[in-house]
>>> print(open('run-v6.txt').read())   # compact mmCIF, N, CA, C and O atoms
# COMPACT_ATOMS: atom_id res chain seq x y z
N MET I 1 -6.47 -58.75 -69.71
CA MET I 1 -6.66 -59.34 -71.02
C MET I 1 -8.06 -59.00 -71.52
O MET I 1 -9.04 -59.20 -70.85
N THR I 2 -8.14 -58.49 -72.73
CA THR I 2 -9.41 -58.13 -73.32
C THR I 2 -9.88 -59.27 -74.21
O THR I 2 -9.14 -59.75 -75.06
N SER I 3 -11.11 -59.70 -74.02
CA SER I 3 -11.66 -60.75 -74.86
C SER I 3 -12.75 -60.15 -75.75
O SER I 3 -13.34 -59.14 -75.42
N THR I 4 -12.98 -60.79 -76.84
CA THR I 4 -13.99 -60.34 -77.77
C THR I 4 -15.36 -60.80 -77.31
O THR I 4 -15.54 -61.96 -76.97
N VAL I 5 -16.31 -59.88 -77.27
CA VAL I 5 -17.68 -60.20 -76.89
C VAL I 5 -18.47 -60.37 -78.18
O VAL I 5 -18.52 -59.47 -79.01
N PRO I 6 -19.09 -61.54 -78.39
CA PRO I 6 -19.82 -61.76 -79.64
C PRO I 6 -21.02 -60.83 -79.77
O PRO I 6 -21.65 -60.45 -78.79
N THR I 7 -21.30 -60.48 -81.01
CA THR I 7 -22.46 -59.66 -81.34
C THR I 7 -23.43 -60.53 -82.12
O THR I 7 -23.04 -61.21 -83.06
N TYR I 8 -24.68 -60.54 -81.70
CA TYR I 8 -25.70 -61.36 -82.35
C TYR I 8 -26.87 -60.48 -82.81
O TYR I 8 -27.13 -59.43 -82.22
N ALA I 9 -27.56 -60.94 -83.85
CA ALA I 9 -28.88 -60.38 -84.13
C ALA I 9 -29.79 -60.91 -83.02
O ALA I 9 -30.37 -60.14 -82.26
N LEU I 10 -29.90 -62.23 -82.89
CA LEU I 10 -30.61 -62.87 -81.79
C LEU I 10 -29.65 -63.83 -81.11
O LEU I 10 -28.89 -64.53 -81.78
N TYR I 11 -29.64 -63.86 -79.79
CA TYR I 11 -28.63 -64.61 -79.03
C TYR I 11 -28.51 -66.04 -79.51
O TYR I 11 -29.49 -66.76 -79.63
N GLY I 12 -27.28 -66.45 -79.81
CA GLY I 12 -27.00 -67.82 -80.18
C GLY I 12 -27.20 -68.14 -81.65
O GLY I 12 -26.88 -69.23 -82.09
N GLU I 13 -27.72 -67.22 -82.43
CA GLU I 13 -27.98 -67.48 -83.84
C GLU I 13 -26.88 -66.83 -84.67
O GLU I 13 -26.86 -65.61 -84.85
N HIS I 14 -25.96 -67.65 -85.17
CA HIS I 14 -24.79 -67.13 -85.87
C HIS I 14 -25.06 -66.83 -87.32
O HIS I 14 -24.37 -65.99 -87.91
N THR I 15 -25.99 -67.48 -87.95
CA THR I 15 -26.18 -67.32 -89.38
C THR I 15 -27.37 -66.46 -89.75
O THR I 15 -27.53 -66.09 -90.88
N GLN I 16 -28.20 -66.15 -88.80
CA GLN I 16 -29.42 -65.41 -89.11
C GLN I 16 -29.22 -63.92 -88.84
O GLN I 16 -28.77 -63.52 -87.78
N SER I 17 -29.54 -63.10 -89.83
CA SER I 17 -29.48 -61.66 -89.61
C SER I 17 -30.85 -61.19 -89.13
O SER I 17 -31.85 -61.88 -89.32
N LEU I 18 -30.89 -60.04 -88.52
CA LEU I 18 -32.13 -59.51 -88.00
C LEU I 18 -33.07 -59.18 -89.15
O LEU I 18 -32.69 -58.52 -90.11
N VAL I 19 -34.28 -59.68 -89.06
CA VAL I 19 -35.27 -59.39 -90.09
C VAL I 19 -35.68 -57.92 -89.98
O VAL I 19 -35.58 -57.32 -88.91
N PRO I 20 -36.16 -57.33 -91.05
CA PRO I 20 -36.46 -55.91 -91.03
C PRO I 20 -37.75 -55.54 -90.28
O PRO I 20 -38.30 -54.48 -90.50
N ASP I 21 -38.21 -56.43 -89.41
CA ASP I 21 -39.39 -56.10 -88.60
C ASP I 21 -39.03 -54.99 -87.63
O ASP I 21 -37.89 -54.86 -87.20
N SER I 22 -40.02 -54.23 -87.24
CA SER I 22 -39.75 -53.18 -86.27
C SER I 22 -39.78 -53.71 -84.84
O SER I 22 -39.35 -53.03 -83.93
N LEU I 23 -40.27 -54.96 -84.64
CA LEU I 23 -40.37 -55.52 -83.30
C LEU I 23 -40.20 -57.04 -83.36
O LEU I 23 -40.83 -57.71 -84.17
N HIS I 24 -39.34 -57.55 -82.51
CA HIS I 24 -39.20 -58.99 -82.33
C HIS I 24 -39.57 -59.29 -80.89
O HIS I 24 -39.05 -58.65 -79.98
N CYS I 25 -40.46 -60.24 -80.67
CA CYS I 25 -40.93 -60.52 -79.32
C CYS I 25 -40.86 -62.02 -79.06
O CYS I 25 -41.30 -62.81 -79.89
N GLU I 26 -40.27 -62.39 -77.91
CA GLU I 26 -40.26 -63.77 -77.49
C GLU I 26 -40.12 -63.80 -75.98
O GLU I 26 -39.65 -62.84 -75.37
N SER I 27 -40.55 -64.89 -75.37
CA SER I 27 -40.43 -65.01 -73.92
C SER I 27 -38.98 -65.35 -73.55
O SER I 27 -38.23 -65.92 -74.35
N ILE I 28 -38.59 -65.01 -72.35
CA ILE I 28 -37.24 -65.34 -71.88
C ILE I 28 -37.01 -66.85 -71.91
O ILE I 28 -35.98 -67.31 -72.38
N PRO I 29 -37.98 -67.68 -71.47
CA PRO I 29 -37.75 -69.13 -71.52
C PRO I 29 -37.55 -69.67 -72.93
O PRO I 29 -36.81 -70.63 -73.13
N MET I 30 -38.17 -69.05 -73.91
CA MET I 30 -38.09 -69.54 -75.28
C MET I 30 -36.63 -69.67 -75.74
O MET I 30 -36.26 -70.63 -76.41
N ARG I 31 -35.79 -68.76 -75.36
CA ARG I 31 -34.38 -68.81 -75.75
C ARG I 31 -33.49 -69.31 -74.61
O ARG I 31 -32.57 -70.08 -74.81
N SER I 32 -33.75 -68.87 -73.39
CA SER I 32 -32.84 -69.14 -72.26
C SER I 32 -32.81 -70.61 -71.85
O SER I 32 -31.78 -71.10 -71.39
N ARG I 33 -33.92 -71.32 -71.98
CA ARG I 33 -33.92 -72.73 -71.55
C ARG I 33 -32.93 -73.56 -72.35
O ARG I 33 -32.39 -74.53 -71.85
N HIS I 34 -32.66 -73.17 -73.59
CA HIS I 34 -31.70 -73.91 -74.42
C HIS I 34 -30.26 -73.70 -73.94
O HIS I 34 -29.37 -74.43 -74.34
N TYR I 35 -30.06 -72.71 -73.10
CA TYR I 35 -28.72 -72.39 -72.59
C TYR I 35 -28.65 -72.58 -71.08
O TYR I 35 -27.85 -71.95 -70.40
N ASP I 36 -29.54 -73.43 -70.54
CA ASP I 36 -29.59 -73.74 -69.12
C ASP I 36 -29.74 -72.47 -68.28
O ASP I 36 -29.15 -72.34 -67.21
N TRP I 37 -30.50 -71.51 -68.79
CA TRP I 37 -30.87 -70.28 -68.08
C TRP I 37 -29.69 -69.34 -67.84
O TRP I 37 -29.80 -68.40 -67.07
N GLU I 38 -28.54 -69.61 -68.46
CA GLU I 38 -27.36 -68.76 -68.33
C GLU I 38 -27.03 -68.19 -69.70
O GLU I 38 -26.64 -68.92 -70.61
N ILE I 39 -27.15 -66.88 -69.84
CA ILE I 39 -26.83 -66.22 -71.10
C ILE I 39 -25.43 -65.62 -70.97
O ILE I 39 -25.18 -64.78 -70.12
N LYS I 40 -24.53 -66.07 -71.80
CA LYS I 40 -23.12 -65.65 -71.73
C LYS I 40 -22.94 -64.24 -72.29
O LYS I 40 -23.85 -63.69 -72.91
N PRO I 41 -21.76 -63.64 -72.06
CA PRO I 41 -21.54 -62.27 -72.54
C PRO I 41 -21.82 -62.14 -74.03
O PRO I 41 -21.39 -62.97 -74.84
N HIS I 42 -22.56 -61.11 -74.37
CA HIS I 42 -22.90 -60.84 -75.76
C HIS I 42 -23.41 -59.40 -75.85
O HIS I 42 -23.61 -58.74 -74.86
N ARG I 43 -23.63 -58.97 -77.06
CA ARG I 43 -24.25 -57.67 -77.30
C ARG I 43 -25.06 -57.74 -78.58
O ARG I 43 -24.88 -58.64 -79.39
N HIS I 44 -25.98 -56.81 -78.72
CA HIS I 44 -26.80 -56.72 -79.93
C HIS I 44 -26.48 -55.41 -80.61
O HIS I 44 -26.60 -54.34 -80.01
N GLU I 45 -26.09 -55.51 -81.85
CA GLU I 45 -25.69 -54.35 -82.61
C GLU I 45 -26.87 -53.59 -83.19
O GLU I 45 -26.84 -52.37 -83.29
N LEU I 46 -27.93 -54.31 -83.53
CA LEU I 46 -28.99 -53.70 -84.32
C LEU I 46 -30.23 -53.28 -83.55
O LEU I 46 -31.12 -52.67 -84.13
N PHE I 47 -30.33 -53.64 -82.28
CA PHE I 47 -31.55 -53.26 -81.57
C PHE I 47 -31.35 -53.19 -80.08
O PHE I 47 -30.41 -53.74 -79.53
N MET I 48 -32.25 -52.50 -79.43
CA MET I 48 -32.29 -52.48 -77.97
C MET I 48 -33.27 -53.54 -77.52
O MET I 48 -34.01 -54.07 -78.32
N GLN I 49 -33.21 -53.88 -76.22
CA GLN I 49 -34.11 -54.90 -75.68
C GLN I 49 -34.91 -54.33 -74.52
O GLN I 49 -34.42 -53.46 -73.78
N ILE I 50 -36.09 -54.85 -74.37
CA ILE I 50 -36.90 -54.60 -73.18
C ILE I 50 -37.14 -55.97 -72.55
O ILE I 50 -37.75 -56.84 -73.17
N LEU I 51 -36.61 -56.18 -71.35
CA LEU I 51 -36.79 -57.45 -70.64
C LEU I 51 -37.83 -57.25 -69.55
O LEU I 51 -37.67 -56.40 -68.68
N TYR I 52 -38.88 -58.03 -69.61
CA TYR I 52 -39.90 -58.00 -68.57
C TYR I 52 -39.75 -59.28 -67.75
O TYR I 52 -39.87 -60.38 -68.28
N ILE I 53 -39.45 -59.12 -66.49
CA ILE I 53 -39.31 -60.25 -65.58
C ILE I 53 -40.55 -60.27 -64.70
O ILE I 53 -40.71 -59.42 -63.83
N ARG I 54 -41.43 -61.19 -64.99
CA ARG I 54 -42.73 -61.27 -64.31
C ARG I 54 -42.59 -61.72 -62.87
O ARG I 54 -43.26 -61.20 -61.97
N SER I 55 -41.75 -62.72 -62.61
CA SER I 55 -41.55 -63.24 -61.26
C SER I 55 -40.19 -63.89 -61.19
O SER I 55 -39.50 -64.03 -62.20
N GLY I 56 -39.79 -64.28 -60.00
CA GLY I 56 -38.47 -64.86 -59.83
C GLY I 56 -37.42 -63.78 -59.77
O GLY I 56 -37.71 -62.63 -59.43
N SER I 57 -36.18 -64.13 -60.10
CA SER I 57 -35.09 -63.16 -60.00
C SER I 57 -34.10 -63.40 -61.13
O SER I 57 -34.13 -64.41 -61.81
N ALA I 58 -33.23 -62.42 -61.30
CA ALA I 58 -32.17 -62.53 -62.31
C ALA I 58 -30.96 -61.75 -61.84
O ALA I 58 -31.10 -60.72 -61.17
N ASP I 59 -29.79 -62.26 -62.18
CA ASP I 59 -28.55 -61.52 -62.01
C ASP I 59 -28.16 -61.04 -63.40
O ASP I 59 -27.98 -61.85 -64.31
N ILE I 60 -28.06 -59.75 -63.54
CA ILE I 60 -27.79 -59.14 -64.84
C ILE I 60 -26.50 -58.34 -64.74
O ILE I 60 -26.32 -57.56 -63.80
N HIS I 61 -25.63 -58.50 -65.71
CA HIS I 61 -24.40 -57.72 -65.79
C HIS I 61 -24.47 -56.88 -67.05
O HIS I 61 -24.64 -57.43 -68.15
N PHE I 62 -24.36 -55.58 -66.91
CA PHE I 62 -24.29 -54.67 -68.05
C PHE I 62 -22.91 -54.04 -68.02
O PHE I 62 -22.58 -53.30 -67.09
N ASP I 63 -22.11 -54.32 -69.02
CA ASP I 63 -20.71 -53.88 -69.05
C ASP I 63 -20.07 -54.21 -67.70
O ASP I 63 -20.01 -55.36 -67.34
N ALA I 64 -19.64 -53.26 -66.92
CA ALA I 64 -18.95 -53.55 -65.65
C ALA I 64 -19.87 -53.47 -64.44
O ALA I 64 -19.43 -53.60 -63.31
N ARG I 65 -21.16 -53.26 -64.64
CA ARG I 65 -22.09 -53.14 -63.51
C ARG I 65 -22.94 -54.39 -63.38
O ARG I 65 -23.36 -54.97 -64.35
N GLU I 66 -23.20 -54.77 -62.12
CA GLU I 66 -23.99 -55.97 -61.83
C GLU I 66 -25.23 -55.58 -61.05
O GLU I 66 -25.19 -54.75 -60.15
N PHE I 67 -26.36 -56.19 -61.42
CA PHE I 67 -27.63 -55.93 -60.76
C PHE I 67 -28.30 -57.26 -60.41
O PHE I 67 -28.26 -58.19 -61.19
N HIS I 68 -28.92 -57.31 -59.26
CA HIS I 68 -29.79 -58.42 -58.92
C HIS I 68 -31.21 -57.84 -58.92
O HIS I 68 -31.47 -56.85 -58.23
N VAL I 69 -32.08 -58.41 -59.70
CA VAL I 69 -33.45 -57.88 -59.81
C VAL I 69 -34.45 -58.97 -59.44
O VAL I 69 -34.21 -60.16 -59.66
N ASN I 70 -35.57 -58.55 -58.89
CA ASN I 70 -36.68 -59.44 -58.56
C ASN I 70 -37.90 -58.97 -59.33
O ASN I 70 -38.16 -57.77 -59.43
N GLY I 71 -38.64 -59.94 -59.85
CA GLY I 71 -39.85 -59.61 -60.59
C GLY I 71 -40.97 -59.25 -59.64
O GLY I 71 -40.95 -59.63 -58.48
N PRO I 72 -41.91 -58.46 -60.11
CA PRO I 72 -41.97 -57.96 -61.47
C PRO I 72 -41.10 -56.73 -61.65
O PRO I 72 -41.03 -55.87 -60.79
N CYS I 73 -40.43 -56.68 -62.80
CA CYS I 73 -39.64 -55.50 -63.15
C CYS I 73 -39.41 -55.50 -64.66
O CYS I 73 -39.64 -56.49 -65.35
N MET I 74 -38.99 -54.35 -65.16
CA MET I 74 -38.70 -54.20 -66.57
C MET I 74 -37.33 -53.54 -66.71
O MET I 74 -37.02 -52.59 -66.00
N LEU I 75 -36.53 -54.05 -67.62
CA LEU I 75 -35.20 -53.51 -67.88
C LEU I 75 -35.11 -53.10 -69.35
O LEU I 75 -35.55 -53.84 -70.23
N VAL I 76 -34.52 -51.95 -69.60
CA VAL I 76 -34.28 -51.49 -70.97
C VAL I 76 -32.78 -51.61 -71.22
O VAL I 76 -31.98 -51.07 -70.47
N VAL I 77 -32.42 -52.34 -72.27
CA VAL I 77 -31.02 -52.60 -72.60
C VAL I 77 -30.70 -51.95 -73.94
O VAL I 77 -31.19 -52.40 -74.97
N PRO I 78 -29.88 -50.90 -73.94
CA PRO I 78 -29.53 -50.24 -75.21
C PRO I 78 -28.69 -51.15 -76.11
O PRO I 78 -28.02 -52.07 -75.64
N ALA I 79 -28.70 -50.86 -77.40
CA ALA I 79 -27.85 -51.57 -78.36
C ALA I 79 -26.39 -51.38 -77.97
O ALA I 79 -26.02 -50.39 -77.34
N PHE I 80 -25.57 -52.36 -78.31
CA PHE I 80 -24.12 -52.38 -78.10
C PHE I 80 -23.69 -52.56 -76.65
O PHE I 80 -22.51 -52.63 -76.36
N LEU I 81 -24.61 -52.63 -75.70
CA LEU I 81 -24.24 -52.82 -74.30
C LEU I 81 -23.91 -54.28 -74.06
O LEU I 81 -24.69 -55.17 -74.40
N ARG I 82 -22.76 -54.57 -73.47
CA ARG I 82 -22.37 -55.94 -73.15
C ARG I 82 -23.26 -56.45 -72.04
O ARG I 82 -23.42 -55.82 -71.01
N MET I 83 -23.85 -57.64 -72.25
CA MET I 83 -24.83 -58.16 -71.30
C MET I 83 -24.55 -59.63 -70.98
O MET I 83 -24.19 -60.40 -71.85
N VAL I 84 -24.73 -59.99 -69.71
CA VAL I 84 -24.67 -61.37 -69.23
C VAL I 84 -25.85 -61.53 -68.29
O VAL I 84 -26.16 -60.62 -67.52
N SER I 85 -26.54 -62.67 -68.32
CA SER I 85 -27.68 -62.82 -67.41
C SER I 85 -27.85 -64.27 -66.97
O SER I 85 -27.48 -65.20 -67.67
N ALA I 86 -28.42 -64.42 -65.77
CA ALA I 86 -28.78 -65.72 -65.24
C ALA I 86 -30.16 -65.58 -64.62
O ALA I 86 -30.37 -64.72 -63.76
N PHE I 87 -31.10 -66.38 -65.06
CA PHE I 87 -32.48 -66.29 -64.59
C PHE I 87 -32.77 -67.42 -63.62
O PHE I 87 -32.32 -68.54 -63.81
N ARG I 88 -33.57 -67.13 -62.58
CA ARG I 88 -33.90 -68.14 -61.55
C ARG I 88 -35.38 -68.15 -61.26
O ARG I 88 -35.96 -67.11 -61.03
N ALA I 89 -35.93 -69.34 -61.18
CA ALA I 89 -37.29 -69.56 -60.70
C ALA I 89 -38.30 -68.59 -61.28
O ALA I 89 -39.13 -68.05 -60.60
N MET I 90 -38.20 -68.38 -62.57
CA MET I 90 -39.11 -67.43 -63.20
C MET I 90 -40.45 -68.08 -63.54
O MET I 90 -41.46 -67.43 -63.54
N TRP I 91 -40.42 -69.36 -63.85
CA TRP I 91 -41.63 -70.07 -64.23
C TRP I 91 -41.66 -71.39 -63.49
O TRP I 91 -40.61 -72.00 -63.27
N THR I 92 -42.82 -71.83 -63.13
CA THR I 92 -42.91 -73.10 -62.43
C THR I 92 -42.57 -74.25 -63.37
O THR I 92 -42.01 -75.24 -62.96
N ASP I 93 -42.88 -74.11 -64.64
CA ASP I 93 -42.54 -75.13 -65.63
C ASP I 93 -41.36 -74.62 -66.46
O ASP I 93 -41.52 -73.80 -67.33
N ARG I 94 -40.16 -75.11 -66.14
CA ARG I 94 -38.97 -74.66 -66.84
C ARG I 94 -38.59 -75.61 -67.97
O ARG I 94 -37.49 -75.53 -68.48
N SER I 95 -39.49 -76.47 -68.37
CA SER I 95 -39.14 -77.41 -69.44
C SER I 95 -39.41 -76.81 -70.81
O SER I 95 -40.03 -75.83 -70.96
>>> encode(input="run-v6.txt", output="structure tokens")
Amino acid sequence: MTSTVPTYALYGEHTQSLVPDSLHCESIPMRSRHYDWEIKPHRHELFMQILYIRSGSADIHFDAREFHVNGPCMLVVPAFLRMVSAFRAMWTDRS
């Protein structure tokens, strides 16, 4: 069964389109804490992402491939790639 993977400008924002800035920057906790550190399947149509994981670990799924990464590391995520992620113990203050 094929399910539809939502496409966002920014994860979880259904009404906001991507602003014409050449760069959008935010920390992983800034968005992920609102989703209990679990980012559900999604893709970005308009931009690629660079994820910098300073410490801790993450389980990342790109399309049909799964990776477990430990910080520090950097991941480049092309536009249109289906992505799922779960972050663990990245910051001592997760509030």
>>> atom_distance(input="run-v6.txt", atom1="CA of Gly71 (chain I)", atom2="CA of Trp37 (chain I)")
15.8 Å
>>> closest_residue(input="run-v6.txt", among="I:Glu66, I:Arg43, I:Ile50, I:Ile60", to="Phe80 (chain I)", atoms="only N, CA, C and O atoms")
I:Arg43
>>> atom_distance(input="run-v6.txt", atom1="atom N of Tyr52 (chain I)", atom2="atom C of Glu26 (chain I)")
8.7 Å
>>> atom_distance(input="run-v6.txt", atom1="atom N of Thr4 (chain I)", atom2="atom C of Arg65 (chain I)")
17.9 Å
>>> closest_residue(input="run-v6.txt", among="I:His24, I:His34, I:His61, I:Lys40", to="Leu75 (chain I)", atoms="only C-alpha atoms")
I:His61
>>> residues_near_point(input="run-v6.txt", point="(-22.7, -60.2, -69.8)", cutoff="6 Å", atoms="all atoms listed in the file", output="CSV table (one decimal) with N, CA, C and O atoms, in the frame of the given file")
chain,number,residue,atom,x,y,z
I,39,ILE,N,-27.2,-66.9,-69.8
I,39,ILE,CA,-26.8,-66.2,-71.1
I,39,ILE,C,-25.4,-65.6,-71.0
I,39,ILE,O,-25.2,-64.8,-70.1
I,40,LYS,N,-24.5,-66.1,-71.8
I,40,LYS,CA,-23.1,-65.6,-71.7
I,40,LYS,C,-22.9,-64.2,-72.3
I,40,LYS,O,-23.8,-63.7,-72.9
I,41,PRO,N,-21.8,-63.6,-72.1
I,41,PRO,CA,-21.5,-62.3,-72.5
I,41,PRO,C,-21.8,-62.1,-74.0
I,41,PRO,O,-21.4,-63.0,-74.8
I,42,HIS,N,-22.6,-61.1,-74.4
I,42,HIS,CA,-22.9,-60.8,-75.8
I,42,HIS,C,-23.4,-59.4,-75.8
I,42,HIS,O,-23.6,-58.7,-74.9
I,61,HIS,N,-25.6,-58.5,-65.7
I,61,HIS,CA,-24.4,-57.7,-65.8
I,61,HIS,C,-24.5,-56.9,-67.0
I,61,HIS,O,-24.6,-57.4,-68.2
I,62,PHE,N,-24.4,-55.6,-66.9
I,62,PHE,CA,-24.3,-54.7,-68.0
I,62,PHE,C,-22.9,-54.0,-68.0
I,62,PHE,O,-22.6,-53.3,-67.1
I,63,ASP,N,-22.1,-54.3,-69.0
I,63,ASP,CA,-20.7,-53.9,-69.0
I,63,ASP,C,-20.1,-54.2,-67.7
I,63,ASP,O,-20.0,-55.4,-67.3
I,82,ARG,N,-22.8,-54.6,-73.5
I,82,ARG,CA,-22.4,-55.9,-73.2
I,82,ARG,C,-23.3,-56.4,-72.0
I,82,ARG,O,-23.4,-55.8,-71.0
I,83,MET,N,-23.8,-57.6,-72.2
I,83,MET,CA,-24.8,-58.2,-71.3
I,83,MET,C,-24.6,-59.6,-71.0
I,83,MET,O,-24.2,-60.4,-71.8
I,84,VAL,N,-24.7,-60.0,-69.7
I,84,VAL,CA,-24.7,-61.4,-69.2
I,84,VAL,C,-25.8,-61.5,-68.3
I,84,VAL,O,-26.2,-60.6,-67.5
I,85,SER,N,-26.5,-62.7,-68.3
I,85,SER,CA,-27.7,-62.8,-67.4
I,85,SER,C,-27.8,-64.3,-67.0
I,85,SER,O,-27.5,-65.2,-67.7
>>> closest_residue(input="run-v6.txt", among="I:Phe87, I:Asp59, I:Ile53, I:Met48", to="Cys73 (chain I)", atoms="only N, CA, C and O atoms")
I:Ile53
>>> closest_residue(input="run-v6.txt", among="I:Ser55, I:His44, I:Glu38, I:Pro72", to="Ala86 (chain I)", atoms="only C-alpha atoms")
I:Glu38
>>> residues_near_point(input="run-v6.txt", point="(-36.8, -62.1, -76.9)", cutoff="8 Å", atoms="all atoms listed in the file", output="short mmCIF file (atom, residue, chain, number, x, y, z; two decimals) with N, CA, C and O atoms, keeping the file's coordinate frame")
data_model
loop_
_atom_site.label_atom_id
_atom_site.label_comp_id
_atom_site.auth_asym_id
_atom_site.auth_seq_id
_atom_site.Cartn_x
_atom_site.Cartn_y
_atom_site.Cartn_z
N LEU I 10 -29.90 -62.23 -82.89
CA LEU I 10 -30.61 -62.87 -81.79
C LEU I 10 -29.65 -63.83 -81.11
O LEU I 10 -28.89 -64.53 -81.78
N TYR I 11 -29.64 -63.86 -79.79
CA TYR I 11 -28.63 -64.61 -79.03
C TYR I 11 -28.51 -66.04 -79.51
O TYR I 11 -29.49 -66.76 -79.63
N HIS I 24 -39.34 -57.55 -82.51
CA HIS I 24 -39.20 -58.99 -82.33
C HIS I 24 -39.57 -59.29 -80.89
O HIS I 24 -39.05 -58.65 -79.98
N CYS I 25 -40.46 -60.24 -80.67
CA CYS I 25 -40.93 -60.52 -79.32
C CYS I 25 -40.86 -62.02 -79.06
O CYS I 25 -41.30 -62.81 -79.89
N GLU I 26 -40.27 -62.39 -77.91
CA GLU I 26 -40.26 -63.77 -77.49
C GLU I 26 -40.12 -63.80 -75.98
O GLU I 26 -39.65 -62.84 -75.37
N SER I 27 -40.55 -64.89 -75.37
CA SER I 27 -40.43 -65.01 -73.92
C SER I 27 -38.98 -65.35 -73.55
O SER I 27 -38.23 -65.92 -74.35
N ILE I 28 -38.59 -65.01 -72.35
CA ILE I 28 -37.24 -65.34 -71.88
C ILE I 28 -37.01 -66.85 -71.91
O ILE I 28 -35.98 -67.31 -72.38
N PRO I 29 -37.98 -67.68 -71.47
CA PRO I 29 -37.75 -69.13 -71.52
C PRO I 29 -37.55 -69.67 -72.93
O PRO I 29 -36.81 -70.63 -73.13
N MET I 30 -38.17 -69.05 -73.91
CA MET I 30 -38.09 -69.54 -75.28
C MET I 30 -36.63 -69.67 -75.74
O MET I 30 -36.26 -70.63 -76.41
N ARG I 31 -35.79 -68.76 -75.36
CA ARG I 31 -34.38 -68.81 -75.75
C ARG I 31 -33.49 -69.31 -74.61
O ARG I 31 -32.57 -70.08 -74.81
N GLN I 49 -33.21 -53.88 -76.22
CA GLN I 49 -34.11 -54.90 -75.68
C GLN I 49 -34.91 -54.33 -74.52
O GLN I 49 -34.42 -53.46 -73.78
N ILE I 50 -36.09 -54.85 -74.37
CA ILE I 50 -36.90 -54.60 -73.18
C ILE I 50 -37.14 -55.97 -72.55
O ILE I 50 -37.75 -56.84 -73.17
N LEU I 51 -36.61 -56.18 -71.35
CA LEU I 51 -36.79 -57.45 -70.64
C LEU I 51 -37.83 -57.25 -69.55
O LEU I 51 -37.67 -56.40 -68.68
#
>>> closest_residue(input="run-v6.txt", among="I:Met74, I:Ala64, I:Val69, I:Leu81", to="Leu46 (chain I)", atoms="only C-alpha atoms")
I:Leu81
>>> decode(input="run-v6.txt", residues="region 52-66 of chain I", atoms="N, CA and C atoms", output="PDB file, in the first residue's frame")
ATOM      1  N   TYR I  52      23.199  19.461  11.177  1.00  0.00           N
ATOM      2  CA  TYR I  52      24.415  19.323  11.973  1.00  0.00           C
ATOM      3  C   TYR I  52      24.012  18.751  13.321  1.00  0.00           C
ATOM      4  N   ILE I  53      24.518  17.580  13.628  1.00  0.00           N
ATOM      5  CA  ILE I  53      24.242  16.932  14.908  1.00  0.00           C
ATOM      6  C   ILE I  53      25.502  17.057  15.746  1.00  0.00           C
ATOM      7  N   ARG I  54      25.446  17.948  16.706  1.00  0.00           N
ATOM      8  CA  ARG I  54      26.612  18.280  17.532  1.00  0.00           C
ATOM      9  C   ARG I  54      26.983  17.146  18.473  1.00  0.00           C
ATOM     10  N   SER I  55      25.978  16.525  19.102  1.00  0.00           N
ATOM     11  CA  SER I  55      26.223  15.438  20.046  1.00  0.00           C
ATOM     12  C   SER I  55      24.981  14.575  20.117  1.00  0.00           C
ATOM     13  N   GLY I  56      25.074  13.467  20.814  1.00  0.00           N
ATOM     14  CA  GLY I  56      23.946  12.552  20.889  1.00  0.00           C
ATOM     15  C   GLY I  56      23.864  11.710  19.637  1.00  0.00           C
ATOM     16  N   SER I  57      22.667  11.204  19.339  1.00  0.00           N
ATOM     17  CA  SER I  57      22.512  10.327  18.184  1.00  0.00           C
ATOM     18  C   SER I  57      21.160  10.573  17.535  1.00  0.00           C
ATOM     19  N   ALA I  58      21.026  10.027  16.336  1.00  0.00           N
ATOM     20  CA  ALA I  58      19.756  10.125  15.614  1.00  0.00           C
ATOM     21  C   ALA I  58      19.598   8.905  14.728  1.00  0.00           C
ATOM     22  N   ASP I  59      18.360   8.471  14.587  1.00  0.00           N
ATOM     23  CA  ASP I  59      18.012   7.459  13.598  1.00  0.00           C
ATOM     24  C   ASP I  59      17.333   8.208  12.460  1.00  0.00           C
ATOM     25  N   ILE I  60      17.905   8.111  11.296  1.00  0.00           N
ATOM     26  CA  ILE I  60      17.420   8.853  10.136  1.00  0.00           C
ATOM     27  C   ILE I  60      17.044   7.856   9.049  1.00  0.00           C
ATOM     28  N   HIS I  61      15.885   8.048   8.454  1.00  0.00           N
ATOM     29  CA  HIS I  61      15.444   7.230   7.326  1.00  0.00           C
ATOM     30  C   HIS I  61      15.339   8.144   6.114  1.00  0.00           C
ATOM     31  N   PHE I  62      16.048   7.816   5.062  1.00  0.00           N
ATOM     32  CA  PHE I  62      15.951   8.530   3.791  1.00  0.00           C
ATOM     33  C   PHE I  62      15.376   7.552   2.784  1.00  0.00           C
ATOM     34  N   ASP I  63      14.188   7.824   2.291  1.00  0.00           N
ATOM     35  CA  ASP I  63      13.474   6.897   1.409  1.00  0.00           C
ATOM     36  C   ASP I  63      13.516   5.509   2.035  1.00  0.00           C
ATOM     37  N   ALA I  64      14.132   4.526   1.433  1.00  0.00           N
ATOM     38  CA  ALA I  64      14.125   3.161   1.969  1.00  0.00           C
ATOM     39  C   ALA I  64      15.382   2.821   2.754  1.00  0.00           C
ATOM     40  N   ARG I  65      16.270   3.773   2.963  1.00  0.00           N
ATOM     41  CA  ARG I  65      17.522   3.502   3.681  1.00  0.00           C
ATOM     42  C   ARG I  65      17.479   4.087   5.081  1.00  0.00           C
ATOM     43  N   GLU I  66      18.052   3.342   6.031  1.00  0.00           N
ATOM     44  CA  GLU I  66      18.069   3.768   7.431  1.00  0.00           C
ATOM     45  C   GLU I  66      19.507   3.933   7.897  1.00  0.00           C
TER      46      GLU I  66
END
